[in-house]
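Q: So here's coords.cif, just mmCIF, C-alpha atoms and all ligand atoms:
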data_model
#
loop_
_atom_site.label_atom_id
_atom_site.label_comp_id
_atom_site.auth_asym_id
_atom_site.auth_seq_id
_atom_site.Cartn_x
_atom_site.Cartn_y
_atom_site.Cartn_z
CA MET A 1 75.52 47.75 113.04
CA ASN A 2 75.19 46.18 116.42
CA ARG A 3 74.05 47.98 119.56
CA ARG A 4 77.59 48.50 120.97
CA ALA A 5 78.85 50.14 117.76
CA PHE A 6 75.74 52.30 117.58
CA LEU A 7 76.31 53.58 121.14
CA GLY A 8 80.01 54.18 120.41
CA TRP A 9 79.23 56.35 117.38
CA GLY A 10 76.52 58.14 119.35
CA ALA A 11 78.94 58.97 122.17
CA ALA A 12 81.55 60.22 119.69
CA GLY A 13 78.93 62.39 118.02
CA PHE A 14 77.84 63.81 121.37
CA VAL A 15 81.43 64.69 122.29
CA ALA A 16 81.95 66.37 118.91
CA LEU A 17 78.73 68.36 119.37
CA CYS A 18 79.78 69.52 122.85
CA SER A 19 83.20 70.53 121.53
CA GLY A 20 81.60 72.58 118.77
CA VAL A 21 79.28 74.32 121.21
CA ALA A 22 82.23 75.09 123.55
CA VAL A 23 84.29 76.59 120.72
CA SER A 24 81.32 78.68 119.59
CA LEU A 25 80.72 79.95 123.13
CA ALA A 26 84.39 80.85 123.48
CA ALA A 27 84.20 82.83 120.23
CA VAL A 28 81.10 84.69 121.44
CA VAL A 29 82.74 85.55 124.78
CA ARG A 30 85.91 86.72 122.99
CA TYR A 31 83.76 88.91 120.72
CA LEU A 32 82.07 90.54 123.71
CA VAL A 33 85.35 91.41 125.48
CA PRO A 34 86.82 94.59 123.94
CA SER A 35 90.36 94.50 122.58
CA VAL A 36 91.66 97.51 124.44
CA PHE A 37 95.19 98.26 125.53
CA TYR A 38 95.27 99.89 128.91
CA GLU A 39 98.19 102.29 128.87
CA PRO A 40 99.56 104.07 131.90
CA PRO A 41 98.61 107.75 132.19
CA GLN A 42 100.57 109.98 129.86
CA SER A 43 100.58 112.86 132.33
CA PHE A 44 102.40 112.21 135.61
CA LYS A 45 104.36 113.85 138.38
CA ILE A 46 108.06 113.10 138.62
CA GLY A 47 108.97 114.78 141.90
CA ASP A 48 110.24 118.06 143.29
CA PRO A 49 112.60 120.22 141.25
CA ALA A 50 115.25 119.81 143.96
CA ASP A 51 115.26 116.05 143.26
CA PHE A 52 116.98 116.67 139.94
CA PRO A 53 120.66 117.64 139.82
CA PHE A 54 122.23 120.08 137.42
CA GLY A 55 124.42 118.56 134.76
CA PRO A 56 123.85 115.17 133.12
CA PRO A 57 120.18 114.25 132.65
CA THR A 58 118.31 112.03 135.05
CA PHE A 59 116.93 108.89 133.39
CA LEU A 60 113.56 107.67 134.65
CA PRO A 61 113.29 104.08 133.37
CA ASP A 62 109.63 103.50 134.16
CA GLU A 63 108.58 106.63 132.27
CA LYS A 64 111.33 106.25 129.63
CA ILE A 65 112.32 109.89 129.79
CA PHE A 66 115.42 111.98 130.40
CA VAL A 67 115.03 115.02 132.65
CA PHE A 68 117.53 117.77 131.89
CA ARG A 69 118.19 120.54 134.36
CA ASP A 70 120.32 123.50 133.43
CA ARG A 71 121.08 126.48 135.69
CA GLU A 72 120.40 129.05 132.99
CA LYS A 73 117.85 127.28 130.81
CA GLY A 74 115.75 125.31 133.30
CA PHE A 75 114.08 121.92 132.85
CA ALA A 76 113.50 119.94 129.66
CA VAL A 77 112.26 116.38 129.13
CA ALA A 78 113.32 114.14 126.25
CA SER A 79 111.86 110.81 125.29
CA ALA A 80 114.14 107.80 125.68
CA VAL A 81 112.22 105.86 123.03
CA CYS A 82 114.08 105.45 119.77
CA THR A 83 111.99 106.49 116.77
CA HIS A 84 113.16 103.49 114.76
CA LEU A 85 111.67 100.47 116.53
CA GLY A 86 111.19 101.73 120.06
CA CYS A 87 114.31 100.62 121.90
CA THR A 88 115.43 102.67 124.87
CA VAL A 89 118.26 105.02 124.02
CA ALA A 90 121.11 105.90 126.36
CA TYR A 91 122.58 109.35 126.91
CA PHE A 92 126.35 109.67 126.90
CA GLN A 93 127.62 112.73 128.71
CA SER A 94 131.02 112.29 127.02
CA ASP A 95 129.66 113.29 123.60
CA GLN A 96 126.30 114.67 124.78
CA ARG A 97 124.38 112.49 122.38
CA PHE A 98 121.78 109.74 122.60
CA HIS A 99 122.78 106.31 121.33
CA CYS A 100 120.40 103.48 120.51
CA PRO A 101 121.84 100.07 121.38
CA CYS A 102 119.60 98.16 118.98
CA HIS A 103 120.56 99.33 115.49
CA GLY A 104 123.03 102.11 116.11
CA SER A 105 121.00 105.28 115.67
CA VAL A 106 122.61 108.37 117.14
CA PHE A 107 120.71 111.50 118.17
CA GLY A 108 122.27 114.88 118.80
CA PRO A 109 121.93 116.91 122.01
CA ASN A 110 118.59 118.29 120.86
CA GLY A 111 117.37 114.86 119.71
CA THR A 112 117.87 115.25 115.97
CA VAL A 113 118.99 112.20 114.03
CA GLN A 114 122.70 112.23 113.33
CA HIS A 115 122.98 108.61 112.28
CA GLY A 116 120.14 106.31 111.13
CA PRO A 117 118.19 104.17 110.74
CA ALA A 118 115.94 106.24 113.02
CA PRO A 119 113.54 108.14 110.75
CA ARG A 120 112.97 111.17 112.94
CA ALA A 121 114.15 113.05 116.01
CA LEU A 122 113.44 112.10 119.60
CA ASN A 123 110.34 113.66 121.11
CA TRP A 124 110.48 116.34 123.77
CA PHE A 125 107.60 116.60 126.20
CA GLU A 126 105.95 119.45 128.03
CA ILE A 127 107.03 119.86 131.63
CA THR A 128 105.19 122.16 134.02
CA GLN A 129 104.99 122.69 137.73
CA ALA A 130 101.88 121.42 139.50
CA ARG A 131 100.17 123.37 142.29
CA ASP A 132 101.91 121.25 144.90
CA GLY A 133 105.28 122.26 143.46
CA GLN A 134 106.07 118.93 141.83
CA LEU A 135 107.16 118.67 138.23
CA LEU A 136 104.46 117.43 135.87
CA VAL A 137 105.29 115.77 132.54
CA ASP A 138 102.70 115.32 129.80
CA LYS A 139 103.77 112.85 127.13
CA ASP A 140 100.72 113.76 125.06
CA LYS A 141 102.14 117.24 124.54
CA VAL A 142 105.18 117.18 122.28
CA VAL A 143 107.14 120.43 122.36
CA PRO A 144 110.16 121.77 120.45
CA PRO A 145 113.57 120.89 121.91
CA SER A 146 113.99 124.53 122.86
CA TYR A 147 111.04 124.36 125.29
CA ARG A 148 112.15 124.95 128.88
CA LEU A 149 110.57 125.31 132.29
CA MET A 150 112.24 127.79 134.61
CA VAL A 151 111.63 127.05 138.27
S1 LIG A 201 115.40 100.75 117.55
FE1 LIG A 201 116.85 102.34 117.69
S2 LIG A 201 117.99 102.15 115.88
FE2 LIG A 201 116.54 100.59 115.73
#
Write the structure described by the file as structure tokens, please.
A:
Amino acid sequence: MNRRAFLGWGAAGFVALCSGVAVSLAAVVRYLVPSVFYEPPQSFKIGDPADFPFGPPTFLPDEKIFVFRDREKGFAVASAVCTHLGCTVAYFQSDQRFHCPCHGSVFGPNGTVQHGPAPRALNWFEITQARDGQLLVDKDKVVPPSYRLMV
């Protein structure tokens, strides 16, 4: 082996060594950074009661909820997340049911499954009134569909 070939193999070896060290360092850094999903808060204010009309529910797309307001029964909040694979359902006032556009699940007025493949009913969440008068929804607190807040 002449001197030029020797230096060529040495340079290739050095590059391979540096690449190995870089990959190892990247693995160590990745190990030290926690794999955590940062979710938005599950309890949030949605506004004043007067912001919500009587009649068809108000859909809040960012929160993926429907806010129902009834003169006699008060407020109720339903999840807009389909229990099959998580698509956003739509509410049709014409038949007062929730329809999932992805695979055709249909939920009744109280969220029960009327047509699959959804395995279970839509969730209903606790709604309360905060001290400042705004409505407060807590998606960590699942309540029965009959739960209502009278304001
Ligand atoms: S995600 Fe709703 S039916 Fe599949």
Q: Sorted by chain and rising residue number, list the residues of stretch 40-73 of chain A at most 8 Å from stretch 135-149 of chain A (counting only C-alpha atoms), each with its closest atom pair and distance in Å to one decimal, as a tab-separated table.
A:
residue	atom	partner	partner_atom	distance
A:Gln42	CA	A:Lys139	CA	5.1
A:Ser43	CA	A:Asp138	CA	4.1
A:Phe44	CA	A:Val137	CA	5.5
A:Lys45	CA	A:Leu136	CA	4.4
A:Ile46	CA	A:Leu135	CA	5.7
A:Gly47	CA	A:Leu135	CA	5.6
A:Asp48	CA	A:Leu135	CA	6.0
A:Pro49	CA	A:Leu135	CA	6.4
A:Lys73	CA	A:Arg148	CA	6.5
Q: Contacts of A:Ser79 at 7 Å or less, counting all atoms listed in the file, minus same-chain residues fewer than 2 places along, as a list in words?
A: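 Those residues are Lys64, Ile65, Phe66, Val77, Val81, Leu122, Asn123 and Trp124 of chain A.
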Q: Using atom CA of A:Cys102 and atom CA of A:Pro61 as the two end points, give the distance in Å to one decimal.
A: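 If I compute the distance from atom CA of A:Cys102 to atom CA of A:Pro61, I get 16.8 Å.
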Q: What box, with edges along x, y and z, holds each listed atom of stretch 129-143 of chain A when 5 Å is added on every side, and can you state its centre and edge lengths in Å to one decimal, as lines of an AutoDock Vina configuration file?
A:
center_x = 103.7
center_y = 118.1
center_z = 133.6
size_x = 17.0
size_y = 20.5
size_z = 32.6
Q: List as a ChimeraX atom specification the protein and nucleic acid residues lying within 6 Å of ligand LIG 201 (chain A), with all atoms listed in the file counted.
A: /A:82,84-87,100,102-105,117-118
Q: Between atom CA of A:Phe107 and atom CA of A:Ala121, what is the spacing in Å?
A: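 Computing the Euclidean distance for atom CA of A:Ala121 and atom CA of A:Phe107 yields 7.1 Å.
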Q: Measuring atom to atom with only C-alpha atoms, identify which of A:Val151, A:Gly20, A:Asp51, A:Ala27 is nearest to A:Glu72.
A: A:Val151
Q: Quote the spacing between atom CA of A:Ala90 and atom CA of A:His115 in Å to one decimal place.
A: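 Calculated distance between atom CA of A:Ala90 and atom CA of A:His115 is 14.5 Å.
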Q: Nearest to A:Ala50 among A:Cys18, A:Met150, A:Gln134, A:Arg30, with distances taken over only C-alpha atoms: which residue is it?
A: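 Counting only C-alpha atoms, the residue closest to A:Ala50 is A:Gln134.
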Q: Identify the residues around (125.0, 113.9, 126.2) within a radius of 10 Å, measuring from only C-alpha atoms in the coordinates stated by the file, and give them as a count of residues only.
A: 17
Q: Taking only C-alpha atoms into account, which of A:Asn2, A:Val21, A:Phe75, A:Thr58 comes nearest A:Gln129?
A: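 Distance minimum relative to A:Gln129 lands on A:Phe75.
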Q: Using all atoms listed in the file, find the one residue out of A:Ala80, A:Val106, A:Val67, A:Val28 that sits nearest to A:Ile127.
A: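 The closest residue to A:Ile127 is A:Val67.
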Q: Just checking: using all atoms listed in the file, which residue out of A:Phe59, A:Thr88, A:Gly13, A:Pro53 ends up closest to A:Gly74?
A: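 Ranking A:Phe59, A:Thr88, A:Gly13, A:Pro53 by distance to A:Gly74, first place goes to A:Pro53.
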Q: Please complete stretch 109-130 of chain A with N, CA and C atoms and give it back as a short mmCIF file (atom, residue, chain, number, x, y, z; two decimals), in the coordinates of the input.
A:
data_model
loop_
_atom_site.label_atom_id
_atom_site.label_comp_id
_atom_site.auth_asym_id
_atom_site.auth_seq_id
_atom_site.Cartn_x
_atom_site.Cartn_y
_atom_site.Cartn_z
N PRO A 109 122.36 116.40 120.70
CA PRO A 109 121.93 116.91 122.01
C PRO A 109 120.48 117.38 122.04
N ASN A 110 119.99 117.86 120.89
CA ASN A 110 118.59 118.29 120.86
C ASN A 110 117.67 117.21 120.28
N GLY A 111 118.18 115.99 120.14
CA GLY A 111 117.37 114.86 119.71
C GLY A 111 117.30 114.62 118.22
N THR A 112 117.93 115.46 117.43
CA THR A 112 117.87 115.25 115.97
C THR A 112 118.70 114.03 115.58
N VAL A 113 118.30 113.40 114.49
CA VAL A 113 118.99 112.20 114.03
C VAL A 113 120.32 112.59 113.40
N GLN A 114 121.38 112.00 113.91
CA GLN A 114 122.70 112.23 113.33
C GLN A 114 123.19 111.00 112.58
N HIS A 115 122.61 109.87 112.95
CA HIS A 115 122.98 108.61 112.28
C HIS A 115 121.79 107.68 112.35
N GLY A 116 121.33 107.18 111.18
CA GLY A 116 120.14 106.31 111.13
C GLY A 116 120.41 104.94 111.68
N PRO A 117 119.39 104.10 111.59
CA PRO A 117 118.19 104.17 110.74
C PRO A 117 116.99 104.92 111.33
N ALA A 118 117.10 105.54 112.45
CA ALA A 118 115.94 106.24 113.02
C ALA A 118 115.41 107.26 112.00
N PRO A 119 114.10 107.26 111.79
CA PRO A 119 113.54 108.14 110.75
C PRO A 119 113.31 109.57 111.19
N ARG A 120 113.25 109.80 112.49
CA ARG A 120 112.97 111.17 112.94
C ARG A 120 113.55 111.39 114.34
N ALA A 121 113.53 112.65 114.73
CA ALA A 121 114.15 113.05 116.01
C ALA A 121 113.40 112.48 117.20
N LEU A 122 114.08 112.47 118.34
CA LEU A 122 113.44 112.10 119.60
C LEU A 122 112.39 113.15 119.96
N ASN A 123 111.36 112.73 120.65
CA ASN A 123 110.34 113.66 121.11
C ASN A 123 110.79 114.37 122.38
N TRP A 124 110.31 115.58 122.53
CA TRP A 124 110.48 116.34 123.77
C TRP A 124 109.09 116.60 124.30
N PHE A 125 108.93 116.50 125.61
CA PHE A 125 107.60 116.60 126.20
C PHE A 125 107.47 117.84 127.08
N GLU A 126 106.23 118.29 127.18
CA GLU A 126 105.95 119.45 128.03
C GLU A 126 106.19 119.10 129.49
N ILE A 127 106.85 120.01 130.19
CA ILE A 127 107.03 119.86 131.63
C ILE A 127 106.55 121.15 132.27
N THR A 128 105.73 121.00 133.29
CA THR A 128 105.19 122.16 134.02
C THR A 128 105.34 121.89 135.51
N GLN A 129 104.95 122.88 136.29
CA GLN A 129 104.99 122.69 137.73
C GLN A 129 103.56 122.65 138.24
N ALA A 130 103.24 121.58 138.95
CA ALA A 130 101.88 121.42 139.50
C ALA A 130 101.70 122.35 140.70
#
